[in-house]
Amino acid sequence: MELDGRVVVVTGGTRGVGAGIARSFLAAGAEVVVCARRRPREPVAAAGRAASFTALDLRDPAAVRDFFAAVAARHGRLDCLVNNAGGTPYRLLGEGEAERHARVVELNLLAPLTASLAAYPWLRESRGSVVMIGSVSGTRPSPGTAAYGAAKAGLENLARSMAVEWAPRVRVNSLVLGMVRTELAHLHYGDEAGIAAVGATVPLGRLAEPSEVGEAAVFLASDRAGYVSGASLLLHGGGERPAFLDAATVNQDEGELR
């Protein structure tokens, strides 16, 4: 299969987008290690194979270094790191102290940096790659999740700098995600009607599936993307329809917009 013999680490790979990514790598033949603070209720599995799990707090640099050393010792190599772990609660800037917002930045920007540095010696040896899981929140205003958006903007820039510094032996790319339908989608978008209404705002008419994020990550880690580095691949279904189009009082006929 496409990634037979390759070893991949997916941070935050026990649920949601991370689990979808891990399953796609398993289906492509890779050996997959997922890490998170809590063990999943069921193993992350696909194609009759399961990912191994290690409990890890990515905000602990010493533990992160030990984790990657253990992965390399167990498997003999490391070919790809997918920095997926992250997230944020909804919190307006004025409703939280700087320390709370700083923890969001720590998880979404500093933790991927910590993991990448810890993985680098083995990725360099295998001529591997890093895939950063970014967000459209880092490319537009992000009210209610401003620290998260700032961290994701920084993550994309970090990936580009890494791609230059670590070339030619390690490729580094970003997947810039729009909205994804996971088991937690209802917490962000409401019931099924709310999820459908939000999906209708996307040009492709729906939210992404975790498996679609996974397929894109597999591509970036594969030999088919051997000349792709420092790139940001938008995975947002066409983005967002500009609000001014609906607010304008002219050119409202659908035929004129085509």
# chains A, B, ... in the order shown; residues from 1 in each chain; ligands from 1
$ closest_atom_pairs --of "segment 15-111 of chain A" --to "segment 202-210 of chain A" --cutoff "9 Å" --atoms "only C-alpha atoms" --output "JSON lines"
{"residue": "A:Gly16", "atom": "CA", "partner": "A:Pro210", "partner_atom": "CA", "distance": 6.7}
{"residue": "A:Val17", "atom": "CA", "partner": "A:Pro210", "partner_atom": "CA", "distance": 4.8}
{"residue": "A:Gly18", "atom": "CA", "partner": "A:Pro210", "partner_atom": "CA", "distance": 7.7}
{"residue": "A:Ala19", "atom": "CA", "partner": "A:Pro210", "partner_atom": "CA", "distance": 7.6}
{"residue": "A:Gly20", "atom": "CA", "partner": "A:Pro210", "partner_atom": "CA", "distance": 4.6}
{"residue": "A:Ile21", "atom": "CA", "partner": "A:Pro210", "partner_atom": "CA", "distance": 6.8}
$ residues_around --residues "Leu78 of chain A" --least-positions-apart "3" --cutoff "6 Å" --atoms "only C-alpha atoms" --output "VMD selection string"
chain A and resid 7 122 to 123
$ atom_distance --atom1 "atom CA of Met162 of chain A" --atom2 "atom CA of Leu175 of chain A"
14.9 Å
$ residues_around --residues "segment 103-115 of chain A" --least-positions-apart "2" --cutoff "7 Å" --atoms "only C-alpha atoms" --output "list in words"
Leu58, Arg59, Pro61, Val64, Asn83, Gly86, Gly87, Thr88, Glu99, Arg100, His101, Leu117, Ala118, Ala119, Ala147, Tyr148, Ala151, Lys152, Gly154 and Leu155 of chain A
$ select_by_dssp --residues "segment 68-113 of chain A" --states "helix (DSSP H, G or I)" --output "number ranges by chain"
A: 68-75, 93-95, 98-113
$ atom_distance --atom1 "atom CA of Leu234 of chain A" --atom2 "atom CA of Val176 of chain A"
4.8 Å
$ select_by_dssp --residues "segment 32-167 of chain A" --states "strand (DSSP E or B)" --output "list in words"
Val32, Val33, Val34, Cys35, Ala36, Ala45, Ala46, Arg49, Ala50, Ser52, Phe53, Thr54, Ala55, Cys80, Leu81, Val82, Asn83, Ser129, Val130, Val131, Met132, Ile133, Gly134 and Ser135 of chain A
$ residues_around --residues "segment 40-49 of chain A" --least-positions-apart "2" --cutoff "10 Å" --atoms "only C-alpha atoms" --output "list in words"
Gly13, Thr14, Arg15, Gly18, Ala19, Gly20, Ala22, Arg23, Ser24, Phe25, Leu26, Ala27, Ala28, Gly29, Ala30, Glu31, Val32, Val33, Val34, Cys35, Ala36, Arg37, Arg38, Ala51, Ser52, Phe53 and Ala55 of chain A
$ write_last_selection --atoms "N, CA and C atoms" --output "compact mmCIF listing (two decimals), in the first residue's frame"
# COMPACT_ATOMS: atom_id res chain seq x y z
N GLY A 13 -4.86 12.28 18.28
CA GLY A 13 -5.41 11.38 17.26
C GLY A 13 -6.45 10.40 17.75
N THR A 14 -7.09 10.70 18.87
CA THR A 14 -8.02 9.74 19.46
C THR A 14 -9.48 10.03 19.15
N ARG A 15 -9.79 11.19 18.60
CA ARG A 15 -11.18 11.51 18.29
C ARG A 15 -11.21 12.60 17.23
N GLY A 18 -8.50 14.26 14.38
CA GLY A 18 -7.30 13.46 14.59
C GLY A 18 -7.52 11.99 14.35
N ALA A 19 -8.65 11.46 14.82
CA ALA A 19 -8.96 10.05 14.58
C ALA A 19 -9.17 9.79 13.10
N GLY A 20 -9.82 10.72 12.40
CA GLY A 20 -9.99 10.56 10.96
C GLY A 20 -8.66 10.52 10.23
N ALA A 22 -5.76 9.58 11.59
CA ALA A 22 -5.10 8.32 11.95
C ALA A 22 -5.67 7.16 11.13
N ARG A 23 -6.98 7.12 10.95
CA ARG A 23 -7.59 6.03 10.18
C ARG A 23 -7.15 6.06 8.72
N SER A 24 -7.01 7.24 8.16
CA SER A 24 -6.57 7.33 6.77
C SER A 24 -5.14 6.82 6.61
N PHE A 25 -4.27 7.12 7.57
CA PHE A 25 -2.90 6.61 7.50
C PHE A 25 -2.87 5.10 7.69
N LEU A 26 -3.71 4.58 8.57
CA LEU A 26 -3.80 3.13 8.73
C LEU A 26 -4.24 2.47 7.43
N ALA A 27 -5.26 3.05 6.78
CA ALA A 27 -5.76 2.49 5.53
C ALA A 27 -4.72 2.55 4.42
N ALA A 28 -3.78 3.52 4.53
CA ALA A 28 -2.72 3.64 3.53
C ALA A 28 -1.53 2.74 3.84
N GLY A 29 -1.60 1.97 4.93
CA GLY A 29 -0.56 1.00 5.22
C GLY A 29 0.44 1.39 6.28
N ALA A 30 0.34 2.61 6.82
CA ALA A 30 1.33 3.07 7.79
C ALA A 30 1.10 2.47 9.17
N GLU A 31 2.17 2.41 9.94
CA GLU A 31 2.07 2.14 11.37
C GLU A 31 1.80 3.48 12.05
N VAL A 32 0.75 3.55 12.84
CA VAL A 32 0.30 4.83 13.39
C VAL A 32 0.35 4.80 14.91
N VAL A 33 0.92 5.86 15.47
CA VAL A 33 0.94 6.08 16.92
C VAL A 33 0.14 7.35 17.19
N VAL A 34 -0.87 7.25 18.05
CA VAL A 34 -1.63 8.43 18.43
C VAL A 34 -1.32 8.77 19.88
N CYS A 35 -1.34 10.05 20.20
CA CYS A 35 -1.11 10.47 21.58
C CYS A 35 -2.15 11.51 21.96
N ALA A 36 -2.51 11.51 23.21
CA ALA A 36 -3.46 12.47 23.77
C ALA A 36 -3.36 12.34 25.28
N ARG A 37 -4.01 13.25 25.97
CA ARG A 37 -3.94 13.18 27.43
C ARG A 37 -4.75 12.02 27.99
N ARG A 38 -5.83 11.63 27.28
CA ARG A 38 -6.70 10.56 27.78
C ARG A 38 -6.80 9.43 26.76
N ALA A 51 -4.25 1.76 15.63
CA ALA A 51 -3.15 2.63 16.05
C ALA A 51 -2.78 2.31 17.50
N SER A 52 -1.51 2.43 17.83
CA SER A 52 -1.09 2.32 19.22
C SER A 52 -1.28 3.67 19.90
N PHE A 53 -1.47 3.64 21.21
CA PHE A 53 -1.77 4.86 21.96
C PHE A 53 -0.77 5.08 23.07
N ALA A 55 -0.35 7.97 26.32
CA ALA A 55 -0.84 9.16 27.03
C ALA A 55 0.28 10.19 27.09
$ residues_around --residues "Arg127 of chain A" --least-positions-apart "4" --cutoff "8 Å" --atoms "only C-alpha atoms" --output "short mmCIF file (atom, residue, chain, number, x, y, z; two decimals) with N, CA and C atoms, in the first residue's frame"
data_model
loop_
_atom_site.label_atom_id
_atom_site.label_comp_id
_atom_site.auth_asym_id
_atom_site.auth_seq_id
_atom_site.Cartn_x
_atom_site.Cartn_y
_atom_site.Cartn_z
N ASP A 79 8.54 8.64 10.16
CA ASP A 79 8.44 9.21 8.81
C ASP A 79 7.56 10.44 8.72
N LEU A 123 12.94 12.40 11.84
CA LEU A 123 12.39 12.80 10.55
C LEU A 123 13.52 13.12 9.57
N ARG A 169 15.93 17.82 3.73
CA ARG A 169 15.71 16.48 4.29
C ARG A 169 14.31 16.30 4.89
N VAL A 170 13.68 17.40 5.34
CA VAL A 170 12.34 17.29 5.95
C VAL A 170 11.41 18.28 5.27
N ARG A 171 10.29 17.78 4.77
CA ARG A 171 9.27 18.65 4.19
C ARG A 171 8.26 19.05 5.28
#
$ closest_residue --among "A:Ser211, A:Ser126, A:Asn251, A:Ser137" --to "Leu177 of chain A" --atoms "only C-alpha atoms"
A:Ser137
$ atom_distance --atom1 "atom CA of Asn84 of chain A" --atom2 "atom CA of Gly239 of chain A"
20.6 Å
$ residues_around --residues "His188 of chain A" --least-positions-apart "4" --cutoff "10 Å" --atoms "only C-alpha atoms" --output "list in words"
Pro89, Tyr90, Met179, Arg181, Leu184, Gly194 and Ile195 of chain A
$ closest_residue --among "A:Val10, A:His75, A:Thr201, A:Tyr189" --to "Pro242 of chain A" --atoms "only C-alpha atoms"
A:Thr201
